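Enquirer: Quick one: this structure, given as structure tokens, is what I'll be asking you about.
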Amino acid sequence: MSTETLFQAPPIEEQQRMVEAILFASSKALSTAALTARLPHGCDVPAALRALRQRYADRGVQLVRSGDEWAFRTAADLSFLMQKEVVETRKLSRAAIETLAIVAYHEPVTRAEIEEIRGVSVSRGTVDLLMELDWIKLGRRRQTPGRPVTFTTTAAFLAHFGLETARDLPDLKELRAAGLLDNRPSPGDLREGEQDPNRNQDDMFE
Amino acid sequence: MSTETLFQAPPIEEQQRMVEAILFASSKALSTAALTARLPHGCDVPAALRALRQRYADRGVQLVRSGDEWAFRTAADLSFLMQKEVVETRKLSRAAIETLAIVAYHEPVTRAEIEEIRGVSVSRGTVDLLMELDWIKLGRRRQTPGRPVTFTTTAAFLAHFGLETARDLPDLKELRAAGLLDNRPSPGDLREGEQDPNRNQDDMFE
Amino acid sequence: MADEQLIRERDERLAAEALVIDVDGFEGPLDLLLTLSRTQKVDLRKISMVALADQYLRFVEAAKRLRIELAADYLVMAAWLAFLKSRLLLPADPAEDGPSGEELAAHLAYQLQRLEAMRKAAAKLMARDQLGRDFLARGLTEDVSMKRRVKYEASLVELMRAYAGVKTRDDFEPLHFKRDAIYTMEQALERMKGLIGTMLNWSDLEEYLPEAWRLDPKKRRSATASTFAASLELVKAGTLEIRQVESFGRIEFKRRG
């Protein structure tokens with residue numbers, strides 16, 4: 001309205017059709033930025049997404065958001081119809097599931113912190129596997145001695161578990177209120193004897 | 001209404017949702033018979049298809065029929081939006097990914113240094129490709145005899161690999177801890193590796 | 001009374017053995033402690049650490065008796081719990097530094113609660129509707145191929161693997177000079193000095209290569225280079241003359257004067 005552009009943006013209804021078409025054609029979630037880049041100049045992608053989401057709210061296919069990415073997905077209540085399309089996925093080990101949960105609830109989290117919580121060293125390949133699944137990724141290095149790398153979850157993680165944002169993790173508020181997501185250091189240094197010799201000492205008590 | 005069945009068929013609106021979801025998730029067009037087989041007993045698939053077709057008539061995607069098979073397709077007038085999607089993804093050659101990794105870990109780095117680390121000469125094509133992809137760029141010249149140019153990674157590189165800074169990359173110790181450094185070649189394997197046909201192949205590709 | 005005591009101990013021992021036999025099923029001492037703590041059937045916040053320490057120590061005892069080898073961290077935990085128990089039972093020694101038994105016990109209780117909380121959260125996470133299982137992505141993607149554009153793809157994992165690969169090559173094939181195939185210039189010089197008295201006429205450099213260095217091409221190359229370098233050294237010192245009649249021809253030398 002205030003900004004005058006050289007080209008007239010398409011009508012709102014048309015913008016919605018375009019976003020609908022692009023998202024329908026893609027199996028992957030697309031970010032607002034990616035959508036904007038593919039639409040004619042001047043389109044209001046967030047408004048189109050809001051309208052579409054509304055339009056599909058109780059349909060068999062729904063517009064879902066994960067992080068900043070959007071995708072059409074079949075409604076979860078119809079999963080019983082989908083057996084034919086379901087691809088059997090590899091069953092995750094308990095270690096991988098727990099590691100994933102710890103990254104999700106404690107992110108950004110260092111390897112040493114994951115080990116501290118599980119009380120056991122993170123086995124080789126667990127982090128590797130979760131990264132390959134594109135559920136966790138490297139975060140910033142922690143600004144503590146040794147500058148350990150941290151891990152965080154990805155948009156694909158949110159998309160896979162149907163979470164809009166990391167704040168929607170189950171029981172997040174309760175766990176936080178109970179202080180169970182605090183980074184509480186152990187009193188004294190008596191337990192240092194337990195450390196894995198490979199572990200970076202500096203990581204231990206950040 | 002006329003036929004009495006043991007189980008009540010779902011409401012019409014629900015039948016439409018089901019057909020919608022199944023067609024959305026299916027990787028191919030489906031016949032009326034196939035849809036009927038997947039829906040609860042007593043559903044009127046042709047009626048649901050008619051209603052859906054109507055509903056999507058002027059949307060960005062449309063329910064189209066070919067022969068007796070049904071599928072969602074992008075509206076013909078929006079096909080121009082799909083053209084950007086056309087990408088043939090190709091894996092980077094080993095030479096390229098190694099060169100890229102070395103630039104990322106050692107930037108700014110000269111060509112001679114890359115060659116020293118890889119132990120193989122770096123072909124022009126490799127560097128050109130990485131620059132074309134906008135993953136590496138020229139850095140400052142090194143203030144040493146010959147003033148060789150250096151290479152550094154770009155913002156596009158960080159964006160593609162989901163890094164905030166190249167300094168967030170894990171070091172060797174961390175790679176090992178993550179299980180990414182498991183396959184230690186034995187001295188015997190190394191000699192084999194040198195004659196690895198794939199390797200030569202990769203280098204040839206450039 | 002005494003019987004009851006005996007029976008209870010026996011039961012606990014049997015329970016411990018049942019756990020021991022499944023020791024592979026535990027993911028470390030903290031996991032084991034969490035499992036043991038459930039037998040107390042109280043809220044983790046109200047758990048008796050002394051009792052838990054006893055349970056754990058009995059477990060380790062039973063494992064020893066059954067000759068099951070426990071990983072070192074289980075034994076470290078046992079030692080630590082024994083220490084914790086003594087701190088909790090004995091009156092605090094004001095002269096002693098460090099955290100009190102209660103502080104240590106509170107932290108262990110916190111760790112157990114946190115681990116349990118993460119377990120439950122993980123279970124809830126996995127129980128959620130999942131993509132590809134409960135809700136599905138578009139099955140028939142339309143990537144109309146009109147304009148072909150090659151896109152190169154590489155993931156971060158691949159990048160790191162590549163680097164690890166390059167560096168591993170470095171690590172495990174250190175720059176090794178095969179010393180046994182190198183004839184040093186010092187050796188050559190030594191030998192030439194000893195033979196210089198015999199070099200009255202022009203003679204081929206090759207004749208001065210040591211016997212053992214003539215057959216193997218690598219050794220021969222090294223010996224030739226070093227002998228040649230040594231002869232130049234002697235020319236410089238004025239004790240030898242050197243000539244090569246034509247390009248790539250034989251290199252000959254003789255004693256000067």
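Ligands are numbered from 1 in the order shown, chains are lettered A, B, ... in the order of the structure tokens, and residues start at 1 in each chain.
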On all C-alpha atoms matched in order, how well does chain A superpose onto chain B? Give the RMSD in Å.
Expert: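 The fitted C-alpha deviation between chain B and chain A is 18.5 Å.
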Enquirer: Can I get the residues of chain B within 10 Å of chain A, each with the closest pair of atoms and their distance in Å to one decimal, using only C-alpha atoms, sorted chain first then ascending number, as JSON lines?
Expert:
```
{"residue": "B:Glu13", "atom": "CA", "partner": "A:Arg59", "partner_atom": "CA", "distance": 9.1}
{"residue": "B:Glu14", "atom": "CA", "partner": "A:Gly60", "partner_atom": "CA", "distance": 8.2}
{"residue": "B:Gln15", "atom": "CA", "partner": "A:Gly60", "partner_atom": "CA", "distance": 9.2}
{"residue": "B:Gln16", "atom": "CA", "partner": "A:Gly60", "partner_atom": "CA", "distance": 7.6}
{"residue": "B:Arg17", "atom": "CA", "partner": "A:Gly60", "partner_atom": "CA", "distance": 4.0}
{"residue": "B:Met18", "atom": "CA", "partner": "A:Gly60", "partner_atom": "CA", "distance": 5.9}
{"residue": "B:Val19", "atom": "CA", "partner": "A:Gly60", "partner_atom": "CA", "distance": 7.7}
{"residue": "B:Glu20", "atom": "CA", "partner": "A:Gly60", "partner_atom": "CA", "distance": 5.6}
{"residue": "B:Ala21", "atom": "CA", "partner": "A:Gly60", "partner_atom": "CA", "distance": 4.8}
{"residue": "B:Ile22", "atom": "CA", "partner": "A:Met82", "partner_atom": "CA", "distance": 6.9}
{"residue": "B:Leu23", "atom": "CA", "partner": "A:Val61", "partner_atom": "CA", "distance": 9.8}
{"residue": "B:Phe24", "atom": "CA", "partner": "A:Thr74", "partner_atom": "CA", "distance": 7.3}
{"residue": "B:Ala25", "atom": "CA", "partner": "A:Glu85", "partner_atom": "CA", "distance": 7.0}
{"residue": "B:Ser26", "atom": "CA", "partner": "A:Glu85", "partner_atom": "CA", "distance": 6.7}
{"residue": "B:Ser27", "atom": "CA", "partner": "A:Glu85", "partner_atom": "CA", "distance": 8.3}
{"residue": "B:Arg38", "atom": "CA", "partner": "A:Leu81", "partner_atom": "CA", "distance": 6.8}
{"residue": "B:Leu39", "atom": "CA", "partner": "A:Leu81", "partner_atom": "CA", "distance": 7.2}
{"residue": "B:Pro40", "atom": "CA", "partner": "A:Leu81", "partner_atom": "CA", "distance": 8.9}
{"residue": "B:Asp58", "atom": "CA", "partner": "A:Arg17", "partner_atom": "CA", "distance": 8.4}
{"residue": "B:Arg59", "atom": "CA", "partner": "A:Arg17", "partner_atom": "CA", "distance": 5.5}
{"residue": "B:Gly60", "atom": "CA", "partner": "A:Arg17", "partner_atom": "CA", "distance": 4.0}
{"residue": "B:Val61", "atom": "CA", "partner": "A:Ala21", "partner_atom": "CA", "distance": 5.5}
{"residue": "B:Gln62", "atom": "CA", "partner": "A:Ala21", "partner_atom": "CA", "distance": 9.2}
{"residue": "B:Phe72", "atom": "CA", "partner": "A:Phe24", "partner_atom": "CA", "distance": 8.7}
{"residue": "B:Arg73", "atom": "CA", "partner": "A:Ala25", "partner_atom": "CA", "distance": 8.0}
{"residue": "B:Thr74", "atom": "CA", "partner": "A:Ala21", "partner_atom": "CA", "distance": 5.6}
{"residue": "B:Ala75", "atom": "CA", "partner": "A:Ala21", "partner_atom": "CA", "distance": 7.3}
{"residue": "B:Asp77", "atom": "CA", "partner": "A:Met18", "partner_atom": "CA", "distance": 9.8}
{"residue": "B:Leu78", "atom": "CA", "partner": "A:Met18", "partner_atom": "CA", "distance": 6.8}
{"residue": "B:Ser79", "atom": "CA", "partner": "A:Ala21", "partner_atom": "CA", "distance": 8.6}
{"residue": "B:Leu81", "atom": "CA", "partner": "A:Arg38", "partner_atom": "CA", "distance": 6.9}
{"residue": "B:Met82", "atom": "CA", "partner": "A:Ile22", "partner_atom": "CA", "distance": 6.9}
{"residue": "B:Gln83", "atom": "CA", "partner": "A:Arg38", "partner_atom": "CA", "distance": 9.7}
{"residue": "B:Lys84", "atom": "CA", "partner": "A:Arg38", "partner_atom": "CA", "distance": 7.6}
{"residue": "B:Glu85", "atom": "CA", "partner": "A:Ser26", "partner_atom": "CA", "distance": 8.7}
{"residue": "B:Phe161", "atom": "CA", "partner": "A:Lys137", "partner_atom": "CA", "distance": 9.4}
{"residue": "B:Gly162", "atom": "CA", "partner": "A:Lys137", "partner_atom": "CA", "distance": 7.7}
{"residue": "B:Leu163", "atom": "CA", "partner": "A:Leu138", "partner_atom": "CA", "distance": 7.1}
{"residue": "B:Glu164", "atom": "CA", "partner": "A:Arg140", "partner_atom": "CA", "distance": 6.7}
{"residue": "B:Thr165", "atom": "CA", "partner": "A:Arg140", "partner_atom": "CA", "distance": 7.7}
{"residue": "B:Ala166", "atom": "CA", "partner": "A:Arg140", "partner_atom": "CA", "distance": 9.7}
{"residue": "B:Arg167", "atom": "CA", "partner": "A:Arg141", "partner_atom": "CA", "distance": 7.8}
{"residue": "B:Asp168", "atom": "CA", "partner": "A:Arg141", "partner_atom": "CA", "distance": 5.5}
{"residue": "B:Leu169", "atom": "CA", "partner": "A:Val149", "partner_atom": "CA", "distance": 7.5}
{"residue": "B:Pro170", "atom": "CA", "partner": "A:Val149", "partner_atom": "CA", "distance": 6.3}
{"residue": "B:Asp171", "atom": "CA", "partner": "A:Val149", "partner_atom": "CA", "distance": 9.0}
{"residue": "B:Lys173", "atom": "CA", "partner": "A:Asn198", "partner_atom": "CA", "distance": 8.8}
{"residue": "B:Glu174", "atom": "CA", "partner": "A:Val149", "partner_atom": "CA", "distance": 8.1}
{"residue": "B:Leu175", "atom": "CA", "partner": "A:Asp128", "partner_atom": "CA", "distance": 9.4}
{"residue": "B:Arg176", "atom": "CA", "partner": "A:Arg124", "partner_atom": "CA", "distance": 8.3}
{"residue": "B:Ala177", "atom": "CA", "partner": "A:Arg124", "partner_atom": "CA", "distance": 6.5}
{"residue": "B:Ala178", "atom": "CA", "partner": "A:Arg124", "partner_atom": "CA", "distance": 5.6}
{"residue": "B:Gly179", "atom": "CA", "partner": "A:Arg124", "partner_atom": "CA", "distance": 4.4}
{"residue": "B:Leu180", "atom": "CA", "partner": "A:Asp128", "partner_atom": "CA", "distance": 6.7}
{"residue": "B:Leu181", "atom": "CA", "partner": "A:Arg124", "partner_atom": "CA", "distance": 9.5}
{"residue": "B:Asp182", "atom": "CA", "partner": "A:Arg124", "partner_atom": "CA", "distance": 8.3}
```
Enquirer: Export, as a short mmCIF file (atom, residue, chain, number, x, y, z; two decimals), in the first residue's frame, the selected residues with C-alpha atoms.
Expert:
```cif
data_model
loop_
_atom_site.label_atom_id
_atom_site.label_comp_id
_atom_site.auth_asym_id
_atom_site.auth_seq_id
_atom_site.Cartn_x
_atom_site.Cartn_y
_atom_site.Cartn_z
CA GLU B 13 -17.93 -34.49 4.33
CA GLU B 14 -15.68 -37.03 6.07
CA GLN B 15 -15.58 -39.23 2.99
CA GLN B 16 -14.32 -36.25 1.03
CA ARG B 17 -11.57 -35.64 3.56
CA MET B 18 -10.51 -39.25 3.27
CA VAL B 19 -10.37 -39.24 -0.51
CA GLU B 20 -8.51 -35.95 -0.37
CA ALA B 21 -5.89 -37.34 2.00
CA ILE B 22 -5.39 -40.59 0.11
CA LEU B 23 -5.00 -38.86 -3.24
CA PHE B 24 -2.63 -36.33 -1.74
CA ALA B 25 -0.32 -38.95 -0.26
CA SER B 26 -0.46 -41.41 -3.12
CA SER B 27 2.52 -41.46 -5.43
CA ARG B 38 -9.23 -48.17 0.87
CA LEU B 39 -12.19 -46.33 2.32
CA PRO B 40 -14.50 -47.66 5.01
CA ASP B 58 -10.45 -22.72 -9.15
CA ARG B 59 -7.71 -23.49 -6.65
CA GLY B 60 -3.97 -23.69 -7.27
CA VAL B 61 -4.21 -27.47 -7.46
CA GLN B 62 -6.96 -29.34 -9.18
CA PHE B 72 -4.17 -33.78 -7.79
CA ARG B 73 -2.23 -31.64 -10.23
CA THR B 74 -0.99 -28.10 -10.34
CA ALA B 75 -3.45 -25.83 -12.09
CA ASP B 77 -2.12 -21.66 -15.50
CA LEU B 78 0.36 -21.87 -12.63
CA SER B 79 2.75 -24.33 -14.20
CA LEU B 81 5.73 -21.51 -10.97
CA MET B 82 7.03 -25.04 -11.12
CA GLN B 83 9.88 -24.39 -13.44
CA LYS B 84 12.26 -23.26 -10.78
CA GLU B 85 11.87 -26.56 -9.03
CA PHE B 161 25.54 -26.24 5.54
CA GLY B 162 23.52 -24.60 8.28
CA LEU B 163 26.49 -23.15 10.09
CA GLU B 164 26.73 -19.82 11.79
CA THR B 165 30.45 -19.62 11.39
CA ALA B 166 33.01 -21.99 9.99
CA ARG B 167 34.53 -22.02 13.43
CA ASP B 168 31.57 -24.08 14.62
CA LEU B 169 32.88 -27.05 12.68
CA PRO B 170 33.99 -29.83 14.99
CA ASP B 171 37.69 -30.50 15.18
CA LYS B 173 38.85 -34.96 18.21
CA GLU B 174 35.19 -34.06 18.11
CA LEU B 175 34.75 -35.76 14.75
CA ARG B 176 36.22 -38.86 16.22
CA ALA B 177 33.94 -38.66 19.23
CA ALA B 178 30.96 -38.31 16.91
CA GLY B 179 31.95 -41.50 15.15
CA LEU B 180 32.76 -39.69 11.92
CA LEU B 181 36.32 -40.79 12.02
CA ASP B 182 35.80 -44.44 12.59
#
```
Enquirer: Just give me the gap between atom CA of A:Val103 and atom CA of A:Thr152 in Å, one decimal is fine.
Expert: 5.9 Å
Enquirer: Report as an mmCIF file with all heavy atoms, in the first residue's frame all protein, DNA and RNA residues lying within 10 Å of C:Glu158, evaluated on only C-alpha atoms, omitting residues in the same chain fewer than 2 positions from it.
Expert:
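This is the output file part-v1.cif:
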```
data_model
loop_
_atom_site.group_PDB
_atom_site.id
_atom_site.type_symbol
_atom_site.label_atom_id
_atom_site.label_comp_id
_atom_site.auth_asym_id
_atom_site.auth_seq_id
_atom_site.Cartn_x
_atom_site.Cartn_y
_atom_site.Cartn_z
ATOM 1 N N GLU A 132 22.500 -37.527 10.347
ATOM 2 C CA GLU A 132 22.159 -38.031 9.030
ATOM 3 C C GLU A 132 20.643 -37.976 8.797
ATOM 4 O O GLU A 132 20.196 -37.714 7.683
ATOM 5 C CB GLU A 132 22.655 -39.462 8.876
ATOM 6 C CG GLU A 132 23.461 -39.660 7.622
ATOM 7 C CD GLU A 132 24.229 -40.949 7.685
ATOM 8 O OE1 GLU A 132 23.592 -41.984 7.503
ATOM 9 O OE2 GLU A 132 25.450 -40.907 7.933
ATOM 10 N N LEU B 92 28.706 -33.874 -5.015
ATOM 11 C CA LEU B 92 30.033 -33.321 -5.266
ATOM 12 C C LEU B 92 31.028 -34.458 -5.383
ATOM 13 O O LEU B 92 30.917 -35.458 -4.691
ATOM 14 C CB LEU B 92 30.457 -32.450 -4.094
ATOM 15 C CG LEU B 92 30.032 -30.996 -4.055
ATOM 16 C CD1 LEU B 92 30.831 -30.298 -2.974
ATOM 17 C CD2 LEU B 92 30.260 -30.312 -5.373
ATOM 18 N N ARG B 94 34.507 -36.424 -4.893
ATOM 19 C CA ARG B 94 35.340 -36.524 -3.697
ATOM 20 C C ARG B 94 36.402 -35.428 -3.655
ATOM 21 O O ARG B 94 36.655 -34.830 -2.626
ATOM 22 C CB ARG B 94 36.003 -37.907 -3.697
ATOM 23 C CG ARG B 94 37.015 -38.046 -2.606
ATOM 24 C CD ARG B 94 37.270 -39.495 -2.346
ATOM 25 N NE ARG B 94 38.508 -39.638 -1.606
ATOM 26 C CZ ARG B 94 39.078 -40.792 -1.374
ATOM 27 N NH1 ARG B 94 38.509 -41.895 -1.834
ATOM 28 N NH2 ARG B 94 40.193 -40.867 -0.695
ATOM 29 N N ILE B 97 34.636 -32.197 -2.561
ATOM 30 C CA ILE B 97 34.201 -32.109 -1.157
ATOM 31 C C ILE B 97 35.416 -32.041 -0.234
ATOM 32 O O ILE B 97 35.420 -31.332 0.765
ATOM 33 C CB ILE B 97 33.243 -33.262 -0.763
ATOM 34 C CG1 ILE B 97 32.637 -33.036 0.625
ATOM 35 C CG2 ILE B 97 33.904 -34.608 -0.777
ATOM 36 C CD1 ILE B 97 31.209 -32.733 0.616
ATOM 37 N N GLU B 98 36.484 -32.738 -0.612
ATOM 38 C CA GLU B 98 37.693 -32.662 0.217
ATOM 39 C C GLU B 98 38.289 -31.256 0.156
ATOM 40 O O GLU B 98 38.701 -30.704 1.172
ATOM 41 C CB GLU B 98 38.727 -33.700 -0.247
ATOM 42 C CG GLU B 98 38.344 -35.101 0.172
ATOM 43 C CD GLU B 98 39.401 -36.141 -0.188
ATOM 44 O OE1 GLU B 98 40.492 -35.755 -0.675
ATOM 45 O OE2 GLU B 98 39.133 -37.329 0.012
ATOM 46 N N ALA B 101 36.160 -29.009 2.194
ATOM 47 C CA ALA B 101 36.368 -29.238 3.624
ATOM 48 C C ALA B 101 37.661 -28.584 4.089
ATOM 49 O O ALA B 101 37.715 -27.960 5.145
ATOM 50 C CB ALA B 101 36.388 -30.740 3.912
ATOM 51 N N LEU B 180 32.572 -40.015 13.335
ATOM 52 C CA LEU B 180 32.759 -39.690 11.924
ATOM 53 C C LEU B 180 34.146 -40.067 11.436
ATOM 54 O O LEU B 180 34.484 -39.914 10.290
ATOM 55 C CB LEU B 180 32.544 -38.196 11.701
ATOM 56 C CG LEU B 180 31.078 -37.779 11.798
ATOM 57 C CD1 LEU B 180 30.950 -36.297 12.024
ATOM 58 C CD2 LEU B 180 30.346 -38.181 10.526
ATOM 59 N N GLU C 153 25.044 -31.135 -4.551
ATOM 60 C CA GLU C 153 24.594 -31.273 -3.190
ATOM 61 C C GLU C 153 25.679 -31.900 -2.335
ATOM 62 O O GLU C 153 26.393 -32.787 -2.786
ATOM 63 C CB GLU C 153 23.347 -32.142 -3.144
ATOM 64 C CG GLU C 153 22.411 -31.692 -2.076
ATOM 65 C CD GLU C 153 21.160 -32.544 -2.076
ATOM 66 O OE1 GLU C 153 21.277 -33.765 -2.281
ATOM 67 O OE2 GLU C 153 20.091 -31.977 -1.875
ATOM 68 N N ALA C 154 25.783 -31.418 -1.154
ATOM 69 C CA ALA C 154 26.707 -32.025 -0.202
ATOM 70 C C ALA C 154 26.169 -31.700 1.175
ATOM 71 O O ALA C 154 25.714 -30.592 1.409
ATOM 72 C CB ALA C 154 28.107 -31.447 -0.381
ATOM 73 N N SER C 155 26.174 -32.657 2.040
ATOM 74 C CA SER C 155 25.675 -32.399 3.383
ATOM 75 C C SER C 155 26.844 -32.114 4.309
ATOM 76 O O SER C 155 28.001 -32.390 3.989
ATOM 77 C CB SER C 155 24.904 -33.605 3.889
ATOM 78 O OG SER C 155 25.805 -34.657 4.134
ATOM 79 N N LEU C 156 26.485 -31.562 5.448
ATOM 80 C CA LEU C 156 27.520 -31.248 6.432
ATOM 81 C C LEU C 156 28.238 -32.520 6.875
ATOM 82 O O LEU C 156 29.452 -32.537 7.057
ATOM 83 C CB LEU C 156 26.881 -30.535 7.625
ATOM 84 C CG LEU C 156 27.858 -30.000 8.673
ATOM 85 C CD1 LEU C 156 28.838 -29.029 8.038
ATOM 86 C CD2 LEU C 156 27.111 -29.329 9.797
ATOM 87 N N MET C 160 32.206 -33.134 6.726
ATOM 88 C CA MET C 160 33.047 -33.484 7.875
ATOM 89 C C MET C 160 33.728 -34.828 7.665
ATOM 90 O O MET C 160 34.878 -35.019 8.025
ATOM 91 C CB MET C 160 32.195 -33.491 9.147
ATOM 92 C CG MET C 160 31.673 -32.098 9.465
ATOM 93 S SD MET C 160 30.829 -31.964 11.062
ATOM 94 C CE MET C 160 29.562 -33.149 10.889
ATOM 95 N N ARG C 161 32.992 -35.756 7.043
ATOM 96 C CA ARG C 161 33.604 -37.050 6.742
ATOM 97 C C ARG C 161 34.788 -36.890 5.802
ATOM 98 O O ARG C 161 35.815 -37.531 5.971
ATOM 99 C CB ARG C 161 32.595 -37.978 6.074
ATOM 100 C CG ARG C 161 31.681 -38.629 7.046
ATOM 101 C CD ARG C 161 31.428 -40.093 6.645
ATOM 102 N NE ARG C 161 30.483 -40.650 7.598
ATOM 103 C CZ ARG C 161 29.176 -40.696 7.361
ATOM 104 N NH1 ARG C 161 28.687 -40.304 6.207
ATOM 105 N NH2 ARG C 161 28.366 -41.168 8.276
ATOM 106 N N ALA C 162 34.602 -36.010 4.804
ATOM 107 C CA ALA C 162 35.674 -35.804 3.834
ATOM 108 C C ALA C 162 36.912 -35.285 4.553
ATOM 109 O O ALA C 162 38.022 -35.754 4.333
ATOM 110 C CB ALA C 162 35.222 -34.823 2.756
ATOM 111 N N TYR C 163 36.665 -34.322 5.452
ATOM 112 C CA TYR C 163 37.799 -33.756 6.162
ATOM 113 C C TYR C 163 38.448 -34.817 7.047
ATOM 114 O O TYR C 163 39.669 -34.967 7.069
ATOM 115 C CB TYR C 163 37.354 -32.566 7.009
ATOM 116 C CG TYR C 163 38.514 -31.845 7.637
ATOM 117 C CD1 TYR C 163 39.399 -31.129 6.840
ATOM 118 C CD2 TYR C 163 38.758 -31.916 8.994
ATOM 119 C CE1 TYR C 163 40.488 -30.487 7.382
ATOM 120 C CE2 TYR C 163 39.841 -31.270 9.561
ATOM 121 C CZ TYR C 163 40.698 -30.555 8.746
ATOM 122 O OH TYR C 163 41.779 -29.933 9.286
ATOM 123 N N ALA C 164 37.589 -35.551 7.739
ATOM 124 C CA ALA C 164 38.104 -36.620 8.596
ATOM 125 C C ALA C 164 38.918 -37.588 7.750
ATOM 126 O O ALA C 164 39.994 -38.029 8.149
ATOM 127 C CB ALA C 164 36.954 -37.341 9.281
#
```
Enquirer: Please, which residues of chain C lie no more than 6 Å from chain A when the count uses only C-alpha atoms, and can they be set out as a VMD selection string?
Expert: chain C and resid 28 30 98 to 99 114 122 130 to 138 141 to 142
Enquirer: Please measure the separation of atom CA of C:Ala105 and atom CA of A:Phe151, giving the value in Å to one decimal.
Expert: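 One can read the atom CA of C:Ala105 to atom CA of A:Phe151 distance as 29.6 Å.
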Enquirer: In stretch 6-204 of chain B, what's strand (DSSP E) per DSSP? Answer as a PyMOL selection string?
Expert: chain B and resi 30-31+61-66+69-74+88-91+109-110+136-141+149-153
Enquirer: Could you please take those selected residues and save N, CA and C atoms as a short mmCIF file (atom, residue, chain, number, x, y, z; two decimals), in the first residue's frame?
Expert:
```cif
data_model
loop_
_atom_site.label_atom_id
_atom_site.label_comp_id
_atom_site.auth_asym_id
_atom_site.auth_seq_id
_atom_site.Cartn_x
_atom_site.Cartn_y
_atom_site.Cartn_z
N LEU B 30 -5.03 -42.69 -8.76
CA LEU B 30 -5.75 -43.87 -8.25
C LEU B 30 -7.11 -43.99 -8.92
N SER B 31 -7.51 -45.23 -9.16
CA SER B 31 -8.82 -45.47 -9.78
C SER B 31 -9.90 -45.40 -8.70
N VAL B 61 -4.33 -26.07 -7.04
CA VAL B 61 -4.21 -27.47 -7.46
C VAL B 61 -5.61 -27.93 -7.84
N GLN B 62 -5.66 -28.87 -8.74
CA GLN B 62 -6.96 -29.34 -9.18
C GLN B 62 -7.00 -30.85 -9.18
N LEU B 63 -8.21 -31.33 -9.02
CA LEU B 63 -8.39 -32.77 -9.06
C LEU B 63 -8.68 -33.13 -10.52
N VAL B 64 -7.78 -33.87 -11.11
CA VAL B 64 -7.97 -34.17 -12.53
C VAL B 64 -8.13 -35.67 -12.73
N ARG B 65 -8.84 -35.99 -13.78
CA ARG B 65 -9.12 -37.38 -14.07
C ARG B 65 -8.49 -37.73 -15.40
N SER B 66 -7.86 -38.88 -15.46
CA SER B 66 -7.40 -39.36 -16.77
C SER B 66 -7.78 -40.83 -16.82
N GLU B 69 -8.65 -42.78 -13.62
CA GLU B 69 -7.76 -42.51 -12.49
C GLU B 69 -7.73 -41.04 -12.14
N TRP B 70 -7.60 -40.83 -10.84
CA TRP B 70 -7.69 -39.47 -10.31
C TRP B 70 -6.41 -39.06 -9.60
N ALA B 71 -6.07 -37.77 -9.75
CA ALA B 71 -4.89 -37.26 -9.06
C ALA B 71 -4.99 -35.75 -8.91
N PHE B 72 -4.29 -35.23 -7.91
CA PHE B 72 -4.17 -33.78 -7.79
C PHE B 72 -3.03 -33.31 -8.69
N ARG B 73 -3.27 -32.21 -9.37
CA ARG B 73 -2.23 -31.64 -10.23
C ARG B 73 -2.22 -30.13 -10.08
N THR B 74 -1.07 -29.56 -10.34
CA THR B 74 -0.99 -28.10 -10.34
C THR B 74 -1.91 -27.54 -11.42
N GLU B 88 18.57 -30.85 -11.12
CA GLU B 88 19.16 -32.18 -11.11
C GLU B 88 20.23 -32.12 -10.03
N THR B 89 20.04 -32.89 -9.02
CA THR B 89 21.05 -32.81 -7.96
C THR B 89 22.14 -33.83 -8.23
N ARG B 90 23.31 -33.37 -8.03
CA ARG B 90 24.46 -34.22 -8.27
C ARG B 90 25.34 -34.13 -7.05
N LYS B 91 25.92 -35.23 -6.71
CA LYS B 91 26.82 -35.23 -5.56
C LYS B 91 28.13 -34.57 -5.95
N VAL B 109 43.27 -20.24 2.94
CA VAL B 109 44.23 -21.28 2.59
C VAL B 109 44.61 -21.14 1.11
N THR B 110 45.86 -21.36 0.82
CA THR B 110 46.30 -21.25 -0.58
C THR B 110 46.13 -22.59 -1.28
N ILE B 136 33.10 -21.14 -2.17
CA ILE B 136 34.39 -20.57 -1.79
C ILE B 136 34.62 -19.31 -2.63
N LYS B 137 35.46 -18.43 -2.08
CA LYS B 137 35.77 -17.22 -2.83
C LYS B 137 37.25 -16.89 -2.59
N LEU B 138 37.73 -15.95 -3.37
CA LEU B 138 39.11 -15.53 -3.18
C LEU B 138 39.21 -14.68 -1.93
N GLY B 139 40.25 -14.97 -1.14
CA GLY B 139 40.50 -14.14 0.03
C GLY B 139 41.65 -13.19 -0.28
N ARG B 140 42.26 -12.67 0.76
CA ARG B 140 43.40 -11.78 0.55
C ARG B 140 44.58 -12.58 0.04
N ARG B 141 45.48 -11.88 -0.61
CA ARG B 141 46.72 -12.56 -0.98
C ARG B 141 47.56 -12.76 0.27
N VAL B 149 47.23 -16.29 -3.91
CA VAL B 149 45.86 -15.98 -3.48
C VAL B 149 45.43 -17.04 -2.47
N THR B 150 44.51 -16.65 -1.61
CA THR B 150 43.98 -17.62 -0.66
C THR B 150 42.49 -17.81 -0.97
N PHE B 151 41.94 -18.88 -0.43
CA PHE B 151 40.52 -19.15 -0.58
C PHE B 151 39.85 -19.16 0.79
N THR B 152 38.65 -18.67 0.83
CA THR B 152 37.86 -18.74 2.06
C THR B 152 36.44 -19.19 1.67
N THR B 153 35.67 -19.55 2.68
CA THR B 153 34.29 -19.95 2.38
C THR B 153 33.41 -18.69 2.37
#
```
